[in-house]
Amino acid sequence: MLSVALTAVISVLVMFLLAKLIGNRAISQMNLFDYINSITIGSIAAELATSDLKNMHKPLTAMLIYAAAVILFAALSGKLIPFRRFVEGRTVILVQNGKLLNRNFKKAKIDVNEFLMQCRLNGYFDLQQIDTAVQESNGRISILPCVGARPVQVQDLNLSPAQEKLFSNVIVDGKVLPKNLKALGYDTQWLTKQLRRQNISDERDVFLAICNPDGAFYAFEKKSRQDRRDMFDL
């Protein structure tokens, strides 16, 4: 009993330390690889809790390897965009300009009934209220409603605003995405001008830059220091 109690305590401590190293993310924010690894680490931790003290190094080593794999994949995903797309997948547009894209439903491996259920869970019971629907890489569906289907009905204010456009990433972690720029109708010269307007001389100093087809552009620079505390600390 003392041996089991000791290995269980060790298992809990190791799980806590590995969870802190891997990072705090909700289940809905995990990709498939992270989710499967988390389940596997938990299963090995249960085995560690009931193993003998002499043999506890075996499940402990396996836990460390799985945790290292999660951390390594996260680091590579943050640096290599093609690797990130391979591991986490791509976003898939299911509805565009109010029209269902049936071929993309097959690509996203989702049927119409499941899509309609997700729409209802997001508060949309009428497809005519949806302008754009996108399946994110984590499987959740994001919806851009039509102008007249927002919580505050703009027609009540006698306004006729133009339909908002989706923003696309053009710089991620200091790397320019030329294909996204071209799809929006811009080039690198336009991007350089936009950065200079915000007093940014080098795109490598940009953590994230987004824009839409209407020319709205926002850039967020990298921070040179890491704050140890913030306003939400307890």
# chains A, B, ... in the order shown; residues from 1 in each chain; ligands from 1

call {"tool": "residues_around", "arguments": {"residues": "A:Leu17", "least_positions_apart": "5", "cutoff": "12 Å", "atoms": "only C-alpha atoms", "output": "PyMOL selection string"}}
result
chain A and resi 10-12+22-24+63-64+67

call {"tool": "select_by_dssp", "arguments": {"residues": "stretch 20-198 of chain A", "states": "strand (DSSP E)", "output": "PyMOL selection string"}}
result
chain A and resi 92-96+99-100+130-135+141-145+168-172+175-176

call {"tool": "select_by_dssp", "arguments": {"residues": "stretch 26-233 of chain A", "states": "alpha helix (DSSP H)", "output": "MDAnalysis selection string"}}
result
chainID A and resid 32:49 57:79 81:88 102:108 112:121 178:184 188:197

call {"tool": "atom_distance", "arguments": {"atom1": "atom CA of A:Ile81", "atom2": "atom CA of A:Val176"}}
result
10.6 Å

call {"tool": "residues_around", "arguments": {"residues": "stretch 44-53 of chain A", "least_positions_apart": "2", "cutoff": "12 Å", "atoms": "only C-alpha atoms", "output": "MDAnalysis selection string"}}
result
chainID A and resid 1:16 18 37:42 55:67

call {"tool": "residues_around", "arguments": {"residues": "stretch 101-118 of chain A", "least_positions_apart": "3", "cutoff": "9 Å", "atoms": "only C-alpha atoms", "output": "ChimeraX atom specification"}}
result
/A:91-96,121-125,127,135,139-141

call {"tool": "write_last_selection", "arguments": {"atoms": "N, CA and C atoms", "output": "JSON list (two decimals), in the first residue's frame"}}
result
[["chain", "number", "residue", "atom", "x", "y", "z"],
["A", 91, "THR", "N", -8.12, 25.32, -42.69],
["A", 91, "THR", "CA", -9.52, 25.73, -42.58],
["A", 91, "THR", "C", -10.22, 25.44, -43.91],
["A", 92, "VAL", "N", -11.50, 25.12, -43.82],
["A", 92, "VAL", "CA", -12.28, 24.78, -45.01],
["A", 92, "VAL", "C", -13.53, 25.66, -45.03],
["A", 93, "ILE", "N", -13.75, 26.36, -46.15],
["A", 93, "ILE", "CA", -14.93, 27.21, -46.29],
["A", 93, "ILE", "C", -16.11, 26.34, -46.72],
["A", 94, "LEU", "N", -17.17, 26.33, -45.91],
["A", 94, "LEU", "CA", -18.35, 25.52, -46.18],
["A", 94, "LEU", "C", -19.46, 26.32, -46.84],
["A", 95, "VAL", "N", -19.56, 27.60, -46.47],
["A", 95, "VAL", "CA", -20.57, 28.50, -47.06],
["A", 95, "VAL", "C", -19.86, 29.78, -47.46],
["A", 96, "GLN", "N", -20.11, 30.23, -48.69],
["A", 96, "GLN", "CA", -19.50, 31.47, -49.17],
["A", 96, "GLN", "C", -20.54, 32.26, -49.94],
["A", 121, "LEU", "N", -26.51, 25.39, -32.96],
["A", 121, "LEU", "CA", -25.79, 25.62, -31.70],
["A", 121, "LEU", "C", -25.17, 27.01, -31.65],
["A", 122, "ASN", "N", -24.86, 27.57, -32.82],
["A", 122, "ASN", "CA", -24.33, 28.94, -32.89],
["A", 122, "ASN", "C", -25.44, 29.98, -32.94],
["A", 123, "GLY", "N", -26.70, 29.51, -32.91],
["A", 123, "GLY", "CA", -27.83, 30.45, -32.89],
["A", 123, "GLY", "C", -28.41, 30.79, -34.24],
["A", 124, "TYR", "N", -28.07, 30.01, -35.28],
["A", 124, "TYR", "CA", -28.57, 30.29, -36.62],
["A", 124, "TYR", "C", -29.46, 29.13, -37.07],
["A", 125, "PHE", "N", -30.77, 29.38, -37.09],
["A", 125, "PHE", "CA", -31.73, 28.37, -37.52],
["A", 125, "PHE", "C", -32.15, 28.58, -38.97],
["A", 127, "LEU", "N", -30.54, 29.37, -42.73],
["A", 127, "LEU", "CA", -29.31, 29.47, -43.50],
["A", 127, "LEU", "C", -29.21, 30.78, -44.27],
["A", 135, "GLN", "N", -15.02, 25.90, -41.41],
["A", 135, "GLN", "CA", -14.61, 24.88, -40.45],
["A", 135, "GLN", "C", -13.15, 25.14, -40.09],
["A", 139, "GLY", "N", -11.90, 21.70, -35.88],
["A", 139, "GLY", "CA", -13.18, 21.05, -36.13],
["A", 139, "GLY", "C", -14.38, 21.93, -35.85],
["A", 140, "ARG", "N", -14.22, 23.05, -35.16],
["A", 140, "ARG", "CA", -15.34, 23.92, -34.85],
["A", 140, "ARG", "C", -15.67, 24.78, -36.07],
["A", 141, "ILE", "N", -16.90, 25.26, -36.12],
["A", 141, "ILE", "CA", -17.37, 26.04, -37.25],
["A", 141, "ILE", "C", -17.57, 27.49, -36.83]]

call {"tool": "residues_around", "arguments": {"residues": "A:Asp214", "least_positions_apart": "4", "cutoff": "10 Å", "atoms": "only C-alpha atoms", "output": "JSON, numbers by chain"}}
result
{"A": [164, 165, 166, 167, 184, 185]}

call {"tool": "closest_residue", "arguments": {"among": "A:Leu208, A:Glu136, A:Gly215, A:Gln128", "to": "A:Asn97", "atoms": "only C-alpha atoms"}}
result
A:Gln128

call {"tool": "residues_around", "arguments": {"residues": "stretch 77-79 of chain A", "least_positions_apart": "6", "cutoff": "10 Å", "atoms": "only C-alpha atoms", "output": "PyMOL selection string"}}
result
chain A and resi 71+85-88+172-175

call {"tool": "atom_distance", "arguments": {"atom1": "atom CA of A:Phe207", "atom2": "atom CA of A:Lys193"}}
result
17.3 Å

call {"tool": "closest_residue", "arguments": {"among": "A:Ser160, A:Leu177, A:Ala133, A:Ile171", "to": "A:Glu203", "atoms": "only C-alpha atoms"}}
result
A:Ile171

call {"tool": "closest_residue", "arguments": {"among": "A:Cys119, A:Asp202, A:Arg90, A:Asp187", "to": "A:Ser137", "atoms": "only C-alpha atoms"}}
result
A:Arg90
